[in-house]
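Dumped start_35.csv below, it's CSV, N, CA and C atoms:
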```csv
chain,number,residue,atom,x,y,z
C,250,MET,N,-11.0,16.9,18.9
C,250,MET,CA,-11.3,17.2,20.3
C,250,MET,C,-12.2,16.1,20.9
C,251,ILE,N,-12.0,15.8,22.1
C,251,ILE,CA,-12.7,14.8,22.8
C,251,ILE,C,-13.9,15.5,23.6
C,252,PRO,N,-15.1,14.9,23.6
C,252,PRO,CA,-16.2,15.5,24.3
C,252,PRO,C,-15.8,15.8,25.7
C,253,GLY,N,-16.2,17.0,26.2
C,253,GLY,CA,-15.9,17.4,27.5
C,253,GLY,C,-14.7,18.3,27.6
C,254,GLY,N,-14.1,18.5,26.4
C,254,GLY,CA,-13.0,19.5,26.3
C,254,GLY,C,-11.6,18.8,26.6
C,255,GLY,N,-11.5,17.5,26.8
C,255,GLY,CA,-10.2,16.9,27.0
C,255,GLY,C,-9.5,16.7,25.7
C,256,GLN,N,-8.2,16.5,25.9
C,256,GLN,CA,-7.3,16.3,24.8
C,256,GLN,C,-7.1,14.8,24.6
C,257,PRO,N,-6.9,14.3,23.4
C,257,PRO,CA,-6.6,12.9,23.2
C,257,PRO,C,-5.3,12.5,23.8
C,258,ASN,N,-5.2,11.4,24.4
C,258,ASN,CA,-4.0,10.9,25.0
C,258,ASN,C,-3.1,10.4,23.9
C,259,MET,N,-2.1,11.2,23.7
C,259,MET,CA,-1.1,10.9,22.6
C,259,MET,C,-0.4,9.6,22.8
C,260,GLN,N,0.0,9.3,24.0
C,260,GLN,CA,0.7,8.1,24.3
C,260,GLN,C,-0.2,6.9,24.0
C,261,GLN,N,-1.5,7.0,24.3
C,261,GLN,CA,-2.4,5.9,24.0
C,261,GLN,C,-2.6,5.7,22.5
C,262,LEU,N,-2.7,6.9,21.8
C,262,LEU,CA,-2.9,6.8,20.4
C,262,LEU,C,-1.7,6.2,19.7
C,263,LEU,N,-0.5,6.5,20.2
C,263,LEU,CA,0.7,6.0,19.6
C,263,LEU,C,0.8,4.5,19.9
C,264,GLN,N,0.4,4.0,21.1
C,264,GLN,CA,0.4,2.6,21.4
C,264,GLN,C,-0.6,1.9,20.5
C,265,GLN,N,-1.7,2.4,20.3
C,265,GLN,CA,-2.7,1.8,19.4
C,265,GLN,C,-2.2,1.7,18.0
C,266,ALA,N,-1.6,2.8,17.5
C,266,ALA,CA,-1.0,2.7,16.2
C,266,ALA,C,0.1,1.7,16.0
C,267,GLN,N,0.9,1.6,17.1
C,267,GLN,CA,2.0,0.6,17.0
C,267,GLN,C,1.4,-0.8,17.1
C,268,GLN,N,0.4,-1.0,17.8
C,268,GLN,CA,-0.3,-2.4,17.9
C,268,GLN,C,-0.9,-2.7,16.5
C,269,MET,N,-1.5,-1.7,15.9
C,269,MET,CA,-2.1,-2.0,14.6
C,269,MET,C,-1.0,-2.3,13.6
C,270,GLN,N,0.1,-1.6,13.7
C,270,GLN,CA,1.2,-1.9,12.8
C,270,GLN,C,1.8,-3.3,13.0
C,271,GLU,N,1.9,-3.7,14.2
C,271,GLU,CA,2.4,-5.1,14.5
C,271,GLU,C,1.4,-6.1,14.0
C,272,ASN,N,0.1,-5.8,14.2
C,272,ASN,CA,-0.9,-6.8,13.7
C,272,ASN,C,-0.9,-6.9,12.1
C,273,LEU,N,-0.7,-5.7,11.5
C,273,LEU,CA,-0.6,-5.7,10.0
C,273,LEU,C,0.6,-6.5,9.6
C,274,ALA,N,1.8,-6.3,10.2
C,274,ALA,CA,3.0,-7.0,9.8
C,274,ALA,C,2.8,-8.5,10.0
C,275,ARG,N,2.2,-8.9,11.1
C,275,ARG,CA,1.9,-10.3,11.4
C,275,ARG,C,1.0,-10.9,10.3
C,276,ALA,N,0.0,-10.2,9.9
C,276,ALA,CA,-1.0,-10.7,8.9
C,276,ALA,C,-0.3,-10.8,7.6
C,277,GLN,N,0.6,-9.8,7.2
C,277,GLN,CA,1.3,-9.9,6.0
C,277,GLN,C,2.2,-11.1,5.9
C,278,GLU,N,2.9,-11.4,7.1
C,278,GLU,CA,3.8,-12.5,7.2
C,278,GLU,C,3.0,-13.8,7.0
C,279,GLU,N,1.8,-13.9,7.6
C,279,GLU,CA,1.0,-15.1,7.5
C,279,GLU,C,0.5,-15.3,6.0
C,280,LEU,N,0.2,-14.2,5.3
C,280,LEU,CA,-0.2,-14.3,3.9
C,280,LEU,C,1.0,-14.8,3.1
C,281,ALA,N,2.2,-14.3,3.3
C,281,ALA,CA,3.4,-14.7,2.6
C,281,ALA,C,3.6,-16.2,2.7
C,282,ASP,N,3.3,-16.8,3.9
C,282,ASP,CA,3.5,-18.2,4.2
C,282,ASP,C,2.4,-19.1,3.7
C,283,ALA,N,1.2,-18.5,3.7
C,283,ALA,CA,0.0,-19.3,3.3
C,283,ALA,C,0.0,-19.7,1.8
C,284,GLU,N,-0.6,-20.8,1.5
C,284,GLU,CA,-0.7,-21.2,0.1
C,284,GLU,C,-2.1,-21.5,-0.2
C,285,VAL,N,-2.6,-21.0,-1.4
C,285,VAL,CA,-3.9,-21.3,-1.9
C,285,VAL,C,-3.8,-21.9,-3.3
C,286,GLU,N,-4.9,-22.6,-3.7
C,286,GLU,CA,-4.8,-23.3,-5.0
C,286,GLU,C,-6.0,-22.8,-5.9
C,287,GLY,N,-5.8,-22.8,-7.1
C,287,GLY,CA,-6.8,-22.6,-8.1
C,287,GLY,C,-6.7,-23.6,-9.2
C,288,GLN,N,-7.8,-24.0,-9.8
C,288,GLN,CA,-7.7,-25.0,-10.8
C,288,GLN,C,-8.6,-24.7,-12.0
C,289,ALA,N,-8.4,-25.4,-13.1
C,289,ALA,CA,-9.1,-25.2,-14.3
C,289,ALA,C,-9.2,-26.5,-15.0
C,290,GLY,N,-10.2,-26.6,-15.9
C,290,GLY,CA,-10.4,-27.9,-16.7
C,290,GLY,C,-10.7,-29.1,-15.8
C,291,GLY,N,-11.5,-28.8,-14.8
C,291,GLY,CA,-11.9,-29.9,-13.9
C,291,GLY,C,-10.8,-30.5,-13.1
C,292,GLY,N,-9.8,-29.6,-12.8
C,292,GLY,CA,-8.6,-30.1,-12.0
C,292,GLY,C,-7.4,-30.6,-12.9
C,293,LEU,N,-7.6,-30.5,-14.2
C,293,LEU,CA,-6.5,-30.9,-15.1
C,293,LEU,C,-5.2,-30.0,-14.9
C,294,VAL,N,-5.5,-28.7,-14.6
C,294,VAL,CA,-4.4,-27.8,-14.3
C,294,VAL,C,-4.7,-27.2,-13.0
C,295,ARG,N,-3.6,-27.2,-12.1
C,295,ARG,CA,-3.8,-26.6,-10.7
C,295,ARG,C,-2.6,-25.7,-10.5
C,296,ALA,N,-2.9,-24.5,-10.0
C,296,ALA,CA,-1.9,-23.6,-9.7
C,296,ALA,C,-1.9,-23.3,-8.2
C,297,THR,N,-0.7,-23.2,-7.6
C,297,THR,CA,-0.6,-22.8,-6.2
C,297,THR,C,0.1,-21.5,-6.0
C,298,VAL,N,-0.5,-20.6,-5.3
C,298,VAL,CA,0.1,-19.3,-5.0
C,298,VAL,C,0.1,-19.0,-3.5
C,299,THR,N,1.0,-18.1,-3.1
C,299,THR,CA,1.0,-17.7,-1.7
C,299,THR,C,-0.2,-16.7,-1.5
C,300,GLY,N,-0.5,-16.5,-0.3
C,300,GLY,CA,-1.6,-15.5,0.0
C,300,GLY,C,-1.3,-14.1,-0.5
C,301,SER,N,-0.1,-13.8,-0.8
C,301,SER,CA,0.3,-12.5,-1.3
C,301,SER,C,0.3,-12.6,-2.9
C,302,GLY,N,0.0,-13.7,-3.5
C,302,GLY,CA,-0.1,-13.8,-4.9
C,302,GLY,C,1.1,-14.3,-5.7
C,303,GLU,N,2.1,-14.8,-5.0
C,303,GLU,CA,3.3,-15.3,-5.7
C,303,GLU,C,3.1,-16.8,-6.1
C,304,LEU,N,3.3,-17.0,-7.4
C,304,LEU,CA,3.1,-18.4,-8.0
C,304,LEU,C,4.2,-19.3,-7.4
C,305,ARG,N,3.7,-20.4,-6.8
C,305,ARG,CA,4.6,-21.3,-6.2
C,305,ARG,C,4.7,-22.7,-6.9
C,306,GLY,N,3.6,-23.0,-7.5
C,306,GLY,CA,3.6,-24.3,-8.2
C,306,GLY,C,2.5,-24.4,-9.3
C,307,LEU,N,2.8,-25.3,-10.2
C,307,LEU,CA,1.8,-25.5,-11.3
C,307,LEU,C,1.9,-27.0,-11.6
C,308,VAL,N,0.7,-27.7,-11.6
C,308,VAL,CA,0.6,-29.1,-11.9
C,308,VAL,C,-0.3,-29.2,-13.1
C,309,ILE,N,0.2,-30.0,-14.1
C,309,ILE,CA,-0.5,-30.2,-15.3
C,309,ILE,C,-0.7,-31.7,-15.5
C,310,ASP,N,-2.0,-32.1,-15.5
C,310,ASP,CA,-2.3,-33.5,-15.7
C,310,ASP,C,-1.9,-33.9,-17.2
C,311,PRO,N,-1.2,-35.0,-17.4
C,311,PRO,CA,-0.9,-35.4,-18.8
C,311,PRO,C,-2.1,-35.4,-19.7
C,312,LYS,N,-3.2,-35.7,-19.2
C,312,LYS,CA,-4.4,-35.7,-20.1
C,312,LYS,C,-4.7,-34.3,-20.7
C,313,ALA,N,-4.2,-33.2,-20.1
C,313,ALA,CA,-4.4,-31.9,-20.6
C,313,ALA,C,-3.4,-31.5,-21.7
C,314,VAL,N,-2.4,-32.4,-22.0
C,314,VAL,CA,-1.4,-32.1,-22.9
C,314,VAL,C,-1.7,-32.7,-24.3
C,315,ASP,N,-2.0,-31.9,-25.2
C,315,ASP,CA,-2.3,-32.3,-26.6
C,315,ASP,C,-1.3,-31.5,-27.5
C,316,PRO,N,-0.3,-32.1,-28.1
C,316,PRO,CA,0.7,-31.3,-28.9
C,316,PRO,C,0.0,-30.6,-30.0
C,317,GLU,N,-1.2,-31.0,-30.4
C,317,GLU,CA,-1.9,-30.3,-31.5
C,317,GLU,C,-2.7,-29.1,-31.1
C,318,ASP,N,-2.8,-29.0,-29.8
C,318,ASP,CA,-3.7,-27.9,-29.2
C,318,ASP,C,-3.1,-27.3,-28.0
C,319,THR,N,-2.0,-26.6,-28.2
C,319,THR,CA,-1.3,-26.0,-27.0
C,319,THR,C,-2.0,-24.8,-26.6
C,320,GLU,N,-2.9,-24.2,-27.4
C,320,GLU,CA,-3.6,-23.0,-27.0
C,320,GLU,C,-4.6,-23.3,-25.9
C,321,THR,N,-5.2,-24.5,-25.9
C,321,THR,CA,-6.2,-24.8,-24.8
C,321,THR,C,-5.4,-25.0,-23.5
C,322,LEU,N,-4.2,-25.7,-23.6
C,322,LEU,CA,-3.4,-25.9,-22.4
C,322,LEU,C,-3.0,-24.5,-21.8
C,323,ALA,N,-2.6,-23.6,-22.7
C,323,ALA,CA,-2.2,-22.3,-22.2
C,323,ALA,C,-3.4,-21.6,-21.6
C,324,ASP,N,-4.6,-21.7,-22.1
C,324,ASP,CA,-5.8,-21.1,-21.5
C,324,ASP,C,-6.1,-21.7,-20.2
C,325,LEU,N,-5.9,-23.0,-20.0
C,325,LEU,CA,-6.1,-23.7,-18.8
C,325,LEU,C,-5.1,-23.2,-17.7
C,326,VAL,N,-3.9,-23.0,-18.1
C,326,VAL,CA,-2.9,-22.5,-17.2
C,326,VAL,C,-3.2,-21.1,-16.7
C,327,VAL,N,-3.6,-20.3,-17.6
C,327,VAL,CA,-4.0,-18.9,-17.3
C,327,VAL,C,-5.2,-18.9,-16.3
C,328,ALA,N,-6.2,-19.7,-16.6
C,328,ALA,CA,-7.4,-19.8,-15.8
C,328,ALA,C,-7.1,-20.3,-14.4
C,329,ALA,N,-6.2,-21.3,-14.3
C,329,ALA,CA,-5.8,-21.8,-13.0
C,329,ALA,C,-5.1,-20.8,-12.2
C,330,VAL,N,-4.2,-20.1,-12.8
C,330,VAL,CA,-3.4,-19.0,-12.1
C,330,VAL,C,-4.4,-17.9,-11.6
C,331,GLN,N,-5.3,-17.5,-12.5
C,331,GLN,CA,-6.2,-16.5,-12.2
C,331,GLN,C,-7.1,-16.9,-11.0
C,332,ALA,N,-7.6,-18.2,-11.0
C,332,ALA,CA,-8.4,-18.7,-9.9
C,332,ALA,C,-7.6,-18.7,-8.6
C,333,ALA,N,-6.4,-19.1,-8.7
C,333,ALA,CA,-5.5,-19.1,-7.5
C,333,ALA,C,-5.3,-17.7,-6.9
C,334,ASN,N,-5.1,-16.8,-7.8
C,334,ASN,CA,-4.9,-15.4,-7.4
C,334,ASN,C,-6.2,-14.8,-6.8
C,335,GLU,N,-7.4,-15.2,-7.3
C,335,GLU,CA,-8.6,-14.7,-6.8
C,335,GLU,C,-8.8,-15.3,-5.3
C,336,ASN,N,-8.4,-16.6,-5.2
C,336,ASN,CA,-8.4,-17.1,-3.8
C,336,ASN,C,-7.4,-16.4,-2.9
C,337,ALA,N,-6.3,-16.0,-3.4
C,337,ALA,CA,-5.3,-15.2,-2.6
C,337,ALA,C,-5.9,-13.9,-2.2
C,338,ARG,N,-6.6,-13.2,-3.1
C,338,ARG,CA,-7.3,-11.9,-2.8
C,338,ARG,C,-8.3,-12.1,-1.7
C,339,GLU,N,-9.1,-13.2,-1.8
C,339,GLU,CA,-10.1,-13.5,-0.7
C,339,GLU,C,-9.4,-13.7,0.6
C,340,LEU,N,-8.3,-14.4,0.6
C,340,LEU,CA,-7.5,-14.6,1.8
C,340,LEU,C,-7.0,-13.3,2.4
C,341,GLN,N,-6.5,-12.4,1.5
C,341,GLN,CA,-6.0,-11.1,1.9
C,341,GLN,C,-7.1,-10.3,2.6
C,342,GLN,N,-8.3,-10.4,2.0
C,342,GLN,CA,-9.4,-9.6,2.5
C,342,GLN,C,-9.8,-10.2,3.9
C,343,GLN,N,-9.7,-11.5,4.1
C,343,GLN,CA,-10.0,-12.1,5.4
C,343,GLN,C,-9.0,-11.7,6.4
C,344,LYS,N,-7.7,-11.7,6.0
C,344,LYS,CA,-6.6,-11.4,7.0
C,344,LYS,C,-6.4,-9.9,7.2
C,345,LEU,N,-6.5,-9.1,6.2
C,345,LEU,CA,-6.2,-7.7,6.3
C,345,LEU,C,-7.4,-6.8,6.3
C,346,GLY,N,-8.6,-7.2,5.9
C,346,GLY,CA,-9.8,-6.4,5.9
C,346,GLY,C,-10.1,-5.8,7.3
C,347,PRO,N,-10.1,-6.6,8.3
C,347,PRO,CA,-10.4,-6.1,9.7
C,347,PRO,C,-9.4,-5.0,10.1
C,348,LEU,N,-8.1,-5.2,9.7
C,348,LEU,CA,-7.1,-4.2,10.0
C,348,LEU,C,-7.4,-2.9,9.3
C,349,ALA,N,-7.8,-3.0,8.0
C,349,ALA,CA,-8.1,-1.8,7.3
C,349,ALA,C,-9.3,-1.0,7.9
C,350,GLN,N,-10.3,-1.8,8.4
C,350,GLN,CA,-11.4,-1.2,9.1
C,350,GLN,C,-11.0,-0.4,10.3
C,351,GLY,N,-10.0,-1.0,11.0
C,351,GLY,CA,-9.4,-0.3,12.2
C,351,GLY,C,-8.7,1.0,11.9
C,352,LEU,N,-8.4,1.1,10.6
C,352,LEU,CA,-7.7,2.4,10.2
C,352,LEU,C,-8.8,3.4,9.7
C,353,GLY,N,-10.0,3.2,10.0
C,353,GLY,CA,-11.0,4.1,9.6
C,353,GLY,C,-11.8,3.6,8.4
C,354,GLY,N,-11.6,2.4,7.9
C,354,GLY,CA,-12.3,1.8,6.8
C,354,GLY,C,-11.9,2.4,5.5
C,355,GLY,N,-10.8,3.2,5.4
C,355,GLY,CA,-10.4,3.8,4.2
C,355,GLY,C,-9.5,2.9,3.4
C,356,GLY,N,-9.2,1.7,3.9
C,356,GLY,CA,-8.3,0.8,3.2
C,356,GLY,C,-6.8,1.2,3.6
C,357,ILE,N,-6.0,0.3,3.1
C,357,ILE,CA,-4.5,0.5,3.4
C,357,ILE,C,-3.9,0.8,2.0
C,358,PRO,N,-3.2,1.9,1.9
C,358,PRO,CA,-2.6,2.2,0.6
C,358,PRO,C,-1.7,1.1,0.1
C,359,GLY,N,-1.9,0.8,-1.2
C,359,GLY,CA,-1.1,-0.3,-1.8
C,359,GLY,C,-1.8,-1.6,-1.7
C,360,LEU,N,-2.9,-1.8,-1.0
C,360,LEU,CA,-3.6,-3.0,-1.0
C,360,LEU,C,-4.9,-2.9,-1.8
C,361,PRO,N,-5.4,-4.0,-2.3
C,361,PRO,CA,-6.5,-4.0,-3.2
C,361,PRO,C,-7.9,-3.8,-2.6
C,362,PHE,N,-8.0,-3.3,-1.4
C,362,PHE,CA,-9.3,-3.0,-0.8
C,362,PHE,C,-9.3,-1.8,0.1
```
I'd like the structure from this file rewritten - as structure tokens, please.
Amino acid sequence: MIPGGGQPNMQQLLQQAQQMQENLARAQEELADAEVEGQAGGGLVRATVTGSGELRGLVIDPKAVDPEDTETLADLVVAAVQAANENARELQQQKLGPLAQGLGGGGIPGLPF
């Protein structure tokens, strides 16, 4: 109920919900197009992911390749991808966090915040 005994304007509520839905779709599209990078080993391994976390690229400096020690290289790859994904989560929070607050601050189902 609205103070003063008035009823909420359903048309206005529906328009606000539609606007929020459009803003969310636009933000998700921007995330899918955005790319962020993570690195490990002082830049010897660099991973590029989209803002939604899809791995798009992996660059390995030849100095990181030691045929006798593939475990270290594997660790560097994992660390670079994890760093890139953390950067993607931060970008998601920047893009989608304000929209989640507009929904009452309870977050958006299926998103990590």
Exercise for the section: From a DSSP calculation on the backbone, collect every residue of chain C in helix (DSSP H, G or I) and output the set as an MDAnalysis selection string. Expected result: chainID C and resid 259:282 311:313 319:351
Practice task
To one decimal in Å, tell me the separation between atom C of Thr297 of chain C and atom CA of Ala333 of chain C.
Solution key: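 Atom-to-atom, atom C of Thr297 of chain C and atom CA of Ala333 of chain C are spaced 6.3 Å apart.
In terms of minimum interatomic distance to Arg295 of chain C, C:Val330 ranks closest within C:Val330, C:Glu339, C:Lys312, C:Leu263, counting only C-alpha atoms.
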Handout entry: Pick from C:Gly306, C:Gly300, C:Pro311, C:Pro257 nearest to Glu284 of chain C, counting all atoms listed in the file
Key = C:Gly300
Practice task
From a DSSP pass on the backbone, collect the residues of segment 273-324 of chain C flagged as strand (DSSP E) and hand them back as a ChimeraX atom specification.
Solution key: /C:284-289,294-299,304-309
Exercise for the section: Go ahead and compute the interatomic distance for atom CA of Val314 of chain C and atom C of Val285 of chain C, in Å to one decimal. Expected result: 22.2 Å
Practice task
Could you check how far atom CA of Val327 of chain C sits from atom CA of Gly287 of chain C, in Å to one decimal?
Solution key: 10.3 Å
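Using all atoms listed in the file, the nearest neighbour of Lys344 of chain C within the list C:Gly290, C:Met259, C:Ala296, C:Gln277 is C:Gln277.
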Exercise for the section: Between C:Ala328, C:Leu348, C:Val294, C:Ala281, single out the one closest to Leu307 of chain C, counting only N, CA and C atoms. Expected result: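 Looking only at the distances to Leu307 of chain C, the closest residue turns out to be C:Val294.
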Handout entry: Closest of C:Gln342, C:Asn272, C:Gln261, C:Gln288 to Ala329 of chain C - atom-to-atom distances counting all atoms listed in the file
Key =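 Ranking C:Gln342, C:Asn272, C:Gln261, C:Gln288 by distance to Ala329 of chain C, first place goes to C:Gln288.
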